[in-house]
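Quick notes on the structure that follows.
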Amino acid sequence: MRLLIKEIANHEGETVNIKGRIFNIRNLGNISFLIIRDYSGVIQVIASKDSGVNPGDIVSISGLIKKDERAKGGYELKAENIDIITKNKETLPFDLEKEDINLNLNTLLDYRTISLRHPKIQSIFRLYDVLLGAYNKAMREEGFIEIKTPKILGSASEGGANFFQVDYFDKKAVLAQSPQFYKQIMVGVFDRVFEVGPVFRAEPHFTTRHVNEYISLDAEMGYIDNFYDVIKTLNRVIKKMFSEMNINDVPEEIPCIKLSEIKKIIKERYGYDIPEDTDIDPKGEDLAGKYAKEEFNSDFIFLTHYPMDYRPFYTMSEGEEAMGFDLLYKGLEIATGGQRINEYDQLIESMKKKNVEINGMEFYINAFKHAIPPHGGWGMGSERIIKQILGLDSIKEAVLFPRDVKRIVP
RNA sequence: GGACCCGUAGCGAAAUUGGUCAUCGCGCCUCCCUGUCACGGAGGAGACUGCCGGUUCGAGUCCGGUCGGGUCCGCCA
């Protein structure tokens with residue numbers, strides 16, 4: 001029976017069987033050290049020099065567990081029998097047992113099926129696993145129910161971001177660039193809903209923070225008084241999420257500042273001038289993050305009251321100001337949200353103002369004809385959070401098989 | 001879409017102002033070593049310097065084109 005490597009310390013003196021992959025071999029004449037990993041851990045195996053195995057092989061090893069100070073972790077396995085379950089047919093293109101894998105991004109991604117085996121690369125996705133579980137848990141605690149909405153759409157949603165077109169039998173369809181319409185509709189059903197799912201953006205960007213398919217952490221909640229109810233909820237959710245990832249310095253109240261204000265502060269404090277009629281740019285976001293850290297000792301900051309020019313038609317506004325926010329984490333936008341229009345007439349008016357085609361959107365509009373409560377929500381980029389937590393050079397390192405302008409394989 | 005940058009063994013890098021057999025580390029192959037843990041030691045193989053053309057006595061290095069890749073901006077999560 002297979003014993004997991006992490007259990008080895010509990011079975012000293014027993015003869016056991018482990019199964020895993022050989023990551024390294026250190027050959028010292030008559031004695032040979034094999035470094036074996038399974039999903040639970042790593043162990044050093046003592047083998048004879050003629051065991052016939054190579055790095056990369058998948059093996060089944062039976063032997064005696066010995067306590068030994070000379071071994072890392074204090075235990076080692078003295079091999080009595082080594083079976084090669086699956087032979088590595090070709091030398092690996094790079095070494096997986098080195099502390100750092102040290103590859104160019106392109107190599108890292110071209111050989112993704114192999115580079116993902118490296119412990120440090122794996123750890124990115126083990127953290128991501130914790131993040132996804134924590135978001136789910138935190139949202140349920142807040143009374144949200146999880147939904148999954150379609151990703152093949154018969155009509156385009158928001159303006160701005162472009163859609164990937166796909167053939168759908170005898171029709172044209174697009175890939176969802178947001179669950180926006182469906183989650184709003186579902187507020188009329190469940191009051192509070194959340195979704196974790198892929199979104200597709202057909203924008204040809206070449207940056208370290210964009211990919212064309214990413215996993216969005218979405219939420220939408222009914223019966224809010226204003227968008228600050230959304231902010232408070234998101235604040236709590238993030239605090240819970242991050243504590244599951246052992247990050248405990250998320251403020252009870254993340255600082256909140258108007259866009260126009262932060263632009264003034266950035267100019268006065270850091271001498272960086274952003275023209276009044278433009279959106280905050282990446283450099284400005286970075287400085288806003290710096291300000292939040294210096295002034296409030298916070299890695300997070302909410303920027304609010306963007307001009308309606310930068311916001312989609314469903315956004316609730318007062319005058320020219322959008323009743324919404326962006327959330328920056330370490331100077332990078334990780335979430336956008338706010339209050340939505342929930343009155344039918346107001347929605348139609350906003351669509352006309354923004355030149356949004358009503359044709360094909362009836363399913364959405366009609367839900368409002370039959371009353372949806374005041375509501376708001378957010379969309380949050382899961383991979384961006386990972387990138388920022390770990391300080392990764394590129395968001396692509398936080399995606400198993402990233403899709404960008406140049407890459408759809410592997 | 002705009003601006004800028006980079007292509008040198010399987011991988012990561014080096015090559016004064018253009019100048020002898022293109023260098024180093026990892027990995028690979030052979031040999032030595034019973035306690036290594038990035039094991040060590042000796043030897044070896046592996047590159048028409050992305051491709052095409054040009055300038056020059058001479059090009060990895062300069063110029064043009066081409067293919068591949070990256071960064072920043074725009075836009076966004």
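Labeling convention for the structure tokens: chains A, B, ... as they appear, residues from 1 per chain, ligands from 1 in order of appearance.
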At a cut-off of 6 Å, using only C-alpha atoms (C1' of nucleotides), what residues contact region 217-225 of chain A? Leave out same-chain residues fewer than 5 positions from it and give the result as a list in words.
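Near neighbours after the sequence-gap exclusion: Val187, Asp191, Arg192, Val193, Phe194, Glu195, Val196, Pro373, Pro374, His375, Gly376, Gly377, Trp378, Gly379 and Met380 of chain A.
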Write the selection just made, keeping C-alpha atoms, as a PDB file, in the first residue's frame?
ATOM      1  CA  VAL A 187     -30.078  39.389  -7.746  1.00  0.00           C
ATOM      2  CA  ASP A 191     -30.659  38.673  -3.530  1.00  0.00           C
ATOM      3  CA  ARG A 192     -26.999  37.756  -3.145  1.00  0.00           C
ATOM      4  CA  VAL A 193     -25.013  35.785  -5.709  1.00  0.00           C
ATOM      5  CA  PHE A 194     -21.386  35.172  -6.523  1.00  0.00           C
ATOM      6  CA  GLU A 195     -19.580  33.511  -9.377  1.00  0.00           C
ATOM      7  CA  VAL A 196     -16.081  32.251 -10.000  1.00  0.00           C
ATOM      8  CA  PRO A 373     -34.065  45.691  -6.072  1.00  0.00           C
ATOM      9  CA  PRO A 374     -31.361  48.340  -5.700  1.00  0.00           C
ATOM     10  CA  HIS A 375     -28.116  46.469  -6.018  1.00  0.00           C
ATOM     11  CA  GLY A 376     -24.422  46.535  -6.674  1.00  0.00           C
ATOM     12  CA  GLY A 377     -21.428  44.267  -6.836  1.00  0.00           C
ATOM     13  CA  TRP A 378     -17.898  43.747  -8.036  1.00  0.00           C
ATOM     14  CA  GLY A 379     -15.621  41.876 -10.371  1.00  0.00           C
ATOM     15  CA  MET A 380     -12.190  40.923  -9.083  1.00  0.00           C
TER      16      MET A 380
END
Please produce, as a tab-separated table, a per-residue contact table for chain A versus chain B (criterion: any atom at most 7 Å away, only C-alpha atoms (C1' of nucleotides) considered), showing the nearest atom pair and its distance in Å to one decimal, sorted by chain then residue number.
residue	atom	partner	partner_atom	distance
A:Arg26	CA	B:U36	C1'	6.5
A:Leu28	CA	B:C33	C1'	5.7
A:Gly29	CA	B:C33	C1'	5.0
A:Asn30	CA	B:U34	C1'	5.8
A:Ile31	CA	B:U34	C1'	5.2
A:Arg70	CA	B:G35	C1'	7.0
A:Pro93	CA	B:G10	C1'	4.9
A:Phe94	CA	B:C11	C1'	5.1
A:Asp95	CA	B:G27	C1'	6.8
A:Lys98	CA	B:A38	C1'	6.2
A:Asn102	CA	B:G12	C1'	6.9
A:Leu103	CA	B:G12	C1'	6.9
A:Glu333	CA	B:A77	C1'	6.9
A:Ile334	CA	B:A77	C1'	5.6
A:Ala335	CA	B:A77	C1'	5.9
A:Met380	CA	B:A77	C1'	5.7
A:Gly381	CA	B:A77	C1'	4.3
Please produce an output containing N, CA and C atoms for each residue in the selection, written as a PDB file, in the first residue's frame.
ATOM      1  N   ARG A  26      22.017  11.918  -6.550  1.00  0.00           N
ATOM      2  CA  ARG A  26      23.405  12.240  -6.183  1.00  0.00           C
ATOM      3  C   ARG A  26      24.142  10.924  -6.002  1.00  0.00           C
ATOM      4  N   LEU A  28      27.368   8.756  -5.234  1.00  0.00           N
ATOM      5  CA  LEU A  28      28.664   8.795  -4.558  1.00  0.00           C
ATOM      6  C   LEU A  28      29.285   7.402  -4.569  1.00  0.00           C
ATOM      7  N   GLY A  29      29.764   6.973  -5.703  1.00  0.00           N
ATOM      8  CA  GLY A  29      30.375   5.663  -5.769  1.00  0.00           C
ATOM      9  C   GLY A  29      29.366   4.573  -5.504  1.00  0.00           C
ATOM     10  N   ASN A  30      29.531   3.881  -4.378  1.00  0.00           N
ATOM     11  CA  ASN A  30      28.675   2.738  -4.117  1.00  0.00           C
ATOM     12  C   ASN A  30      27.296   3.109  -3.577  1.00  0.00           C
ATOM     13  N   ILE A  31      27.187   4.340  -3.091  1.00  0.00           N
ATOM     14  CA  ILE A  31      25.901   4.761  -2.534  1.00  0.00           C
ATOM     15  C   ILE A  31      25.285   5.843  -3.422  1.00  0.00           C
ATOM     16  N   ARG A  70      21.678  12.848   9.330  1.00  0.00           N
ATOM     17  CA  ARG A  70      22.376  13.355   8.147  1.00  0.00           C
ATOM     18  C   ARG A  70      21.432  13.677   6.999  1.00  0.00           C
ATOM     19  N   PRO A  93      14.410  19.346 -20.306  1.00  0.00           N
ATOM     20  CA  PRO A  93      15.054  20.517 -20.906  1.00  0.00           C
ATOM     21  C   PRO A  93      15.717  21.438 -19.882  1.00  0.00           C
ATOM     22  N   PHE A  94      15.347  21.299 -18.618  1.00  0.00           N
ATOM     23  CA  PHE A  94      15.985  22.094 -17.565  1.00  0.00           C
ATOM     24  C   PHE A  94      15.866  21.330 -16.257  1.00  0.00           C
ATOM     25  N   ASP A  95      16.593  21.798 -15.258  1.00  0.00           N
ATOM     26  CA  ASP A  95      16.691  21.066 -14.003  1.00  0.00           C
ATOM     27  C   ASP A  95      15.590  21.474 -13.042  1.00  0.00           C
ATOM     28  N   LYS A  98      16.799  22.331  -8.893  1.00  0.00           N
ATOM     29  CA  LYS A  98      17.467  23.556  -8.462  1.00  0.00           C
ATOM     30  C   LYS A  98      16.492  24.408  -7.661  1.00  0.00           C
ATOM     31  N   ASN A 102      14.603  29.591 -12.810  1.00  0.00           N
ATOM     32  CA  ASN A 102      15.403  30.548 -13.569  1.00  0.00           C
ATOM     33  C   ASN A 102      15.270  30.419 -15.089  1.00  0.00           C
ATOM     34  N   LEU A 103      14.043  30.555 -15.585  1.00  0.00           N
ATOM     35  CA  LEU A 103      13.808  30.492 -17.026  1.00  0.00           C
ATOM     36  C   LEU A 103      13.229  31.811 -17.514  1.00  0.00           C
ATOM     37  N   GLU A 333      -4.789  47.687  -9.885  1.00  0.00           N
ATOM     38  CA  GLU A 333      -6.232  47.511  -9.839  1.00  0.00           C
ATOM     39  C   GLU A 333      -6.563  46.022  -9.793  1.00  0.00           C
ATOM     40  N   ILE A 334      -7.241  45.596  -8.726  1.00  0.00           N
ATOM     41  CA  ILE A 334      -7.629  44.183  -8.657  1.00  0.00           C
ATOM     42  C   ILE A 334      -9.135  43.992  -8.725  1.00  0.00           C
ATOM     43  N   ALA A 335      -9.903  45.059  -8.486  1.00  0.00           N
ATOM     44  CA  ALA A 335     -11.360  44.915  -8.536  1.00  0.00           C
ATOM     45  C   ALA A 335     -12.008  46.219  -8.972  1.00  0.00           C
ATOM     46  N   MET A 380     -13.544  40.872  -9.632  1.00  0.00           N
ATOM     47  CA  MET A 380     -12.190  40.923  -9.083  1.00  0.00           C
ATOM     48  C   MET A 380     -11.311  39.939  -9.846  1.00  0.00           C
ATOM     49  N   GLY A 381     -10.103  40.380 -10.193  1.00  0.00           N
ATOM     50  CA  GLY A 381      -9.190  39.534 -10.962  1.00  0.00           C
ATOM     51  C   GLY A 381      -8.383  38.628 -10.055  1.00  0.00           C
TER      52      GLY A 381
END
Region 364-367 of chain A: which residues within 10 Å, counting only C-alpha atoms (C1' of nucleotides), same-chain residues fewer than 6 positions away excluded, as a count of residues only?
14
Looking only at alpha helix (DSSP H) from DSSP on the backbone, list the matching residues of region 59-137 of chain A as a PDB file with N, CA and C atoms, in the first residue's frame.
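Output contents, as saved in selection-v8.pdb:
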ATOM      1  N   LEU A 105      10.465  33.930 -19.428  1.00  0.00           N
ATOM      2  CA  LEU A 105       9.020  33.708 -19.413  1.00  0.00           C
ATOM      3  C   LEU A 105       8.569  32.828 -20.579  1.00  0.00           C
ATOM      4  N   ASN A 106       9.139  33.077 -21.730  1.00  0.00           N
ATOM      5  CA  ASN A 106       8.730  32.319 -22.905  1.00  0.00           C
ATOM      6  C   ASN A 106       9.061  30.833 -22.789  1.00  0.00           C
ATOM      7  N   THR A 107      10.253  30.540 -22.255  1.00  0.00           N
ATOM      8  CA  THR A 107      10.640  29.145 -22.042  1.00  0.00           C
ATOM      9  C   THR A 107       9.756  28.512 -20.978  1.00  0.00           C
ATOM     10  N   LEU A 108       9.540  29.277 -19.904  1.00  0.00           N
ATOM     11  CA  LEU A 108       8.692  28.815 -18.808  1.00  0.00           C
ATOM     12  C   LEU A 108       7.325  28.377 -19.321  1.00  0.00           C
ATOM     13  N   LEU A 109       6.783  29.130 -20.272  1.00  0.00           N
ATOM     14  CA  LEU A 109       5.439  28.855 -20.777  1.00  0.00           C
ATOM     15  C   LEU A 109       5.432  27.840 -21.911  1.00  0.00           C
ATOM     16  N   ASP A 110       6.464  27.872 -22.749  1.00  0.00           N
ATOM     17  CA  ASP A 110       6.548  26.885 -23.830  1.00  0.00           C
ATOM     18  C   ASP A 110       6.637  25.467 -23.262  1.00  0.00           C
ATOM     19  N   ARG A 112       5.500  24.526 -20.334  1.00  0.00           N
ATOM     20  CA  ARG A 112       4.648  24.641 -19.159  1.00  0.00           C
ATOM     21  C   ARG A 112       4.355  23.292 -18.513  1.00  0.00           C
ATOM     22  N   THR A 113       4.157  22.265 -19.341  1.00  0.00           N
ATOM     23  CA  THR A 113       3.795  20.950 -18.795  1.00  0.00           C
ATOM     24  C   THR A 113       4.887  20.414 -17.874  1.00  0.00           C
ATOM     25  N   ILE A 114       6.113  20.873 -18.097  1.00  0.00           N
ATOM     26  CA  ILE A 114       7.218  20.426 -17.259  1.00  0.00           C
ATOM     27  C   ILE A 114       7.548  21.439 -16.179  1.00  0.00           C
ATOM     28  N   SER A 115       7.568  22.733 -16.533  1.00  0.00           N
ATOM     29  CA  SER A 115       7.963  23.742 -15.548  1.00  0.00           C
ATOM     30  C   SER A 115       7.003  23.762 -14.365  1.00  0.00           C
ATOM     31  N   PRO A 119       8.852  22.719  -7.677  1.00  0.00           N
ATOM     32  CA  PRO A 119       8.177  23.032  -6.409  1.00  0.00           C
ATOM     33  C   PRO A 119       7.775  24.503  -6.262  1.00  0.00           C
ATOM     34  N   LYS A 120       8.646  25.407  -6.684  1.00  0.00           N
ATOM     35  CA  LYS A 120       8.319  26.826  -6.517  1.00  0.00           C
ATOM     36  C   LYS A 120       7.189  27.259  -7.446  1.00  0.00           C
ATOM     37  N   ILE A 121       7.161  26.707  -8.648  1.00  0.00           N
ATOM     38  CA  ILE A 121       6.069  27.020  -9.575  1.00  0.00           C
ATOM     39  C   ILE A 121       4.771  26.427  -9.028  1.00  0.00           C
ATOM     40  N   GLN A 122       4.881  25.200  -8.540  1.00  0.00           N
ATOM     41  CA  GLN A 122       3.714  24.557  -7.916  1.00  0.00           C
ATOM     42  C   GLN A 122       3.131  25.388  -6.798  1.00  0.00           C
ATOM     43  N   SER A 123       4.017  26.011  -6.025  1.00  0.00           N
ATOM     44  CA  SER A 123       3.551  26.723  -4.831  1.00  0.00           C
ATOM     45  C   SER A 123       2.653  27.901  -5.209  1.00  0.00           C
ATOM     46  N   ILE A 124       2.872  28.468  -6.391  1.00  0.00           N
ATOM     47  CA  ILE A 124       1.991  29.545  -6.864  1.00  0.00           C
ATOM     48  C   ILE A 124       0.558  29.036  -6.925  1.00  0.00           C
ATOM     49  N   PHE A 125       0.401  27.826  -7.456  1.00  0.00           N
ATOM     50  CA  PHE A 125      -0.949  27.308  -7.679  1.00  0.00           C
ATOM     51  C   PHE A 125      -1.536  26.647  -6.435  1.00  0.00           C
ATOM     52  N   ARG A 126      -0.668  26.299  -5.499  1.00  0.00           N
ATOM     53  CA  ARG A 126      -1.177  25.849  -4.205  1.00  0.00           C
ATOM     54  C   ARG A 126      -1.760  27.045  -3.455  1.00  0.00           C
ATOM     55  N   LEU A 127      -1.110  28.197  -3.574  1.00  0.00           N
ATOM     56  CA  LEU A 127      -1.668  29.411  -2.965  1.00  0.00           C
ATOM     57  C   LEU A 127      -2.980  29.791  -3.656  1.00  0.00           C
ATOM     58  N   TYR A 128      -2.999  29.650  -4.979  1.00  0.00           N
ATOM     59  CA  TYR A 128      -4.210  29.976  -5.736  1.00  0.00           C
ATOM     60  C   TYR A 128      -5.376  29.091  -5.289  1.00  0.00           C
ATOM     61  N   ASP A 129      -5.069  27.846  -5.015  1.00  0.00           N
ATOM     62  CA  ASP A 129      -6.073  26.911  -4.509  1.00  0.00           C
ATOM     63  C   ASP A 129      -6.649  27.414  -3.184  1.00  0.00           C
ATOM     64  N   VAL A 130      -5.785  27.913  -2.311  1.00  0.00           N
ATOM     65  CA  VAL A 130      -6.244  28.454  -1.027  1.00  0.00           C
ATOM     66  C   VAL A 130      -7.120  29.686  -1.268  1.00  0.00           C
ATOM     67  N   LEU A 131      -6.672  30.535  -2.199  1.00  0.00           N
ATOM     68  CA  LEU A 131      -7.433  31.753  -2.505  1.00  0.00           C
ATOM     69  C   LEU A 131      -8.845  31.419  -2.985  1.00  0.00           C
ATOM     70  N   LEU A 132      -8.946  30.478  -3.896  1.00  0.00           N
ATOM     71  CA  LEU A 132     -10.262  30.127  -4.450  1.00  0.00           C
ATOM     72  C   LEU A 132     -11.170  29.548  -3.367  1.00  0.00           C
ATOM     73  N   GLY A 133     -10.597  28.698  -2.532  1.00  0.00           N
ATOM     74  CA  GLY A 133     -11.377  28.122  -1.442  1.00  0.00           C
ATOM     75  C   GLY A 133     -11.819  29.187  -0.448  1.00  0.00           C
ATOM     76  N   ALA A 134     -10.921  30.150  -0.188  1.00  0.00           N
ATOM     77  CA  ALA A 134     -11.206  31.192   0.797  1.00  0.00           C
ATOM     78  C   ALA A 134     -12.287  32.145   0.295  1.00  0.00           C
ATOM     79  N   TYR A 135     -12.246  32.456  -1.002  1.00  0.00           N
ATOM     80  CA  TYR A 135     -13.273  33.348  -1.557  1.00  0.00           C
ATOM     81  C   TYR A 135     -14.645  32.688  -1.453  1.00  0.00           C
ATOM     82  N   ASN A 136     -14.675  31.445  -1.826  1.00  0.00           N
ATOM     83  CA  ASN A 136     -15.920  30.686  -1.765  1.00  0.00           C
ATOM     84  C   ASN A 136     -16.482  30.662  -0.341  1.00  0.00           C
ATOM     85  N   LYS A 137     -15.610  30.381   0.599  1.00  0.00           N
ATOM     86  CA  LYS A 137     -16.022  30.288   2.001  1.00  0.00           C
ATOM     87  C   LYS A 137     -16.505  31.641   2.525  1.00  0.00           C
TER      88      LYS A 137
END
For Glu213 (chain A), which of A:Val405, A:Met139, A:Leu392, A:Leu287 is the closest residue, counting only C-alpha atoms?
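Ranking A:Val405, A:Met139, A:Leu392, A:Leu287 by distance to Glu213 (chain A), first place goes to A:Val405.
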Which residues, written as a PyMOL selection string, have at least one atom at most 9 Å from Asp57 (chain A), with only C-alpha atoms (C1' of nucleotides) counted and residues fewer than 3 positions away on the same chain left out?
chain A and resi 20-23+53-54+84-89
For those residues, write C-alpha atoms to a file as a compact mmCIF listing (two decimals), in the first residue's frame.
# COMPACT_ATOMS: atom_id res chain seq x y z
CA GLY A 20 6.54 9.38 -6.81
CA ARG A 21 8.90 11.07 -9.22
CA ILE A 22 12.69 11.21 -9.08
CA PHE A 23 13.78 14.87 -9.03
CA VAL A 53 16.87 5.10 -12.63
CA ASN A 54 17.14 8.64 -13.97
CA ILE A 84 10.13 2.02 -12.55
CA ILE A 85 6.43 2.64 -13.08
CA THR A 86 6.92 5.03 -15.99
CA LYS A 87 10.24 5.82 -17.59
CA ASN A 88 11.23 9.36 -18.53
CA LYS A 89 11.97 8.90 -22.24
Taking 4 positions as the minimum chain separation for residues in the same chain, which residues sit within 12 Å of A45 (chain B) when counting only C-alpha atoms (C1' of nucleotides)? Answer as a list in words.
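So, after excluding close chain neighbours, the residues are A9, C28, C29 and U30 of chain B.
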Those residues you just picked out, can you put them in a file as a PDB file, in the first residue's frame with N, CA and C atoms (P, O5', C5', C4', C3', O3' and C1' of nucleotides)?
ATOM      1  P     A B   9      21.816  29.137 -28.879  1.00  0.00           P
ATOM      2  O5'   A B   9      22.648  27.843 -28.466  1.00  0.00           O
ATOM      3  C5'   A B   9      21.995  26.787 -27.783  1.00  0.00           C
ATOM      4  C4'   A B   9      22.544  25.464 -28.265  1.00  0.00           C
ATOM      5  C3'   A B   9      22.227  24.303 -27.335  1.00  0.00           C
ATOM      6  O3'   A B   9      21.968  23.135 -28.075  1.00  0.00           O
ATOM      7  C1'   A B   9      24.568  24.575 -27.525  1.00  0.00           C
ATOM      8  P     C B  28      22.173  15.281 -15.901  1.00  0.00           P
ATOM      9  O5'   C B  28      22.549  15.025 -17.432  1.00  0.00           O
ATOM     10  C5'   C B  28      21.538  14.790 -18.389  1.00  0.00           C
ATOM     11  C4'   C B  28      22.152  14.545 -19.740  1.00  0.00           C
ATOM     12  C3'   C B  28      23.256  13.505 -19.775  1.00  0.00           C
ATOM     13  O3'   C B  28      22.738  12.192 -19.860  1.00  0.00           O
ATOM     14  C1'   C B  28      23.984  15.431 -20.930  1.00  0.00           C
ATOM     15  P     C B  29      23.448  11.012 -19.024  1.00  0.00           P
ATOM     16  O5'   C B  29      24.717  10.632 -19.899  1.00  0.00           O
ATOM     17  C5'   C B  29      24.569  10.102 -21.202  1.00  0.00           C
ATOM     18  C4'   C B  29      25.921   9.880 -21.832  1.00  0.00           C
ATOM     19  C3'   C B  29      26.938   9.183 -20.942  1.00  0.00           C
ATOM     20  O3'   C B  29      26.786   7.773 -20.965  1.00  0.00           O
ATOM     21  C1'   C B  29      27.930  11.088 -21.905  1.00  0.00           C
ATOM     22  P     U B  30      27.210   6.934 -19.654  1.00  0.00           P
ATOM     23  O5'   U B  30      28.798   7.001 -19.693  1.00  0.00           O
ATOM     24  C5'   U B  30      29.522   6.316 -20.701  1.00  0.00           C
ATOM     25  C4'   U B  30      31.004   6.460 -20.464  1.00  0.00           C
ATOM     26  C3'   U B  30      31.469   6.163 -19.044  1.00  0.00           C
ATOM     27  O3'   U B  30      31.618   4.771 -18.799  1.00  0.00           O
ATOM     28  C1'   U B  30      32.460   8.170 -19.782  1.00  0.00           C
TER      29        U B  30
END
Separation of CA of Val250 (chain A) from CA of Val237 (chain A), in Å and rounded to one decimal:
10.4 Å
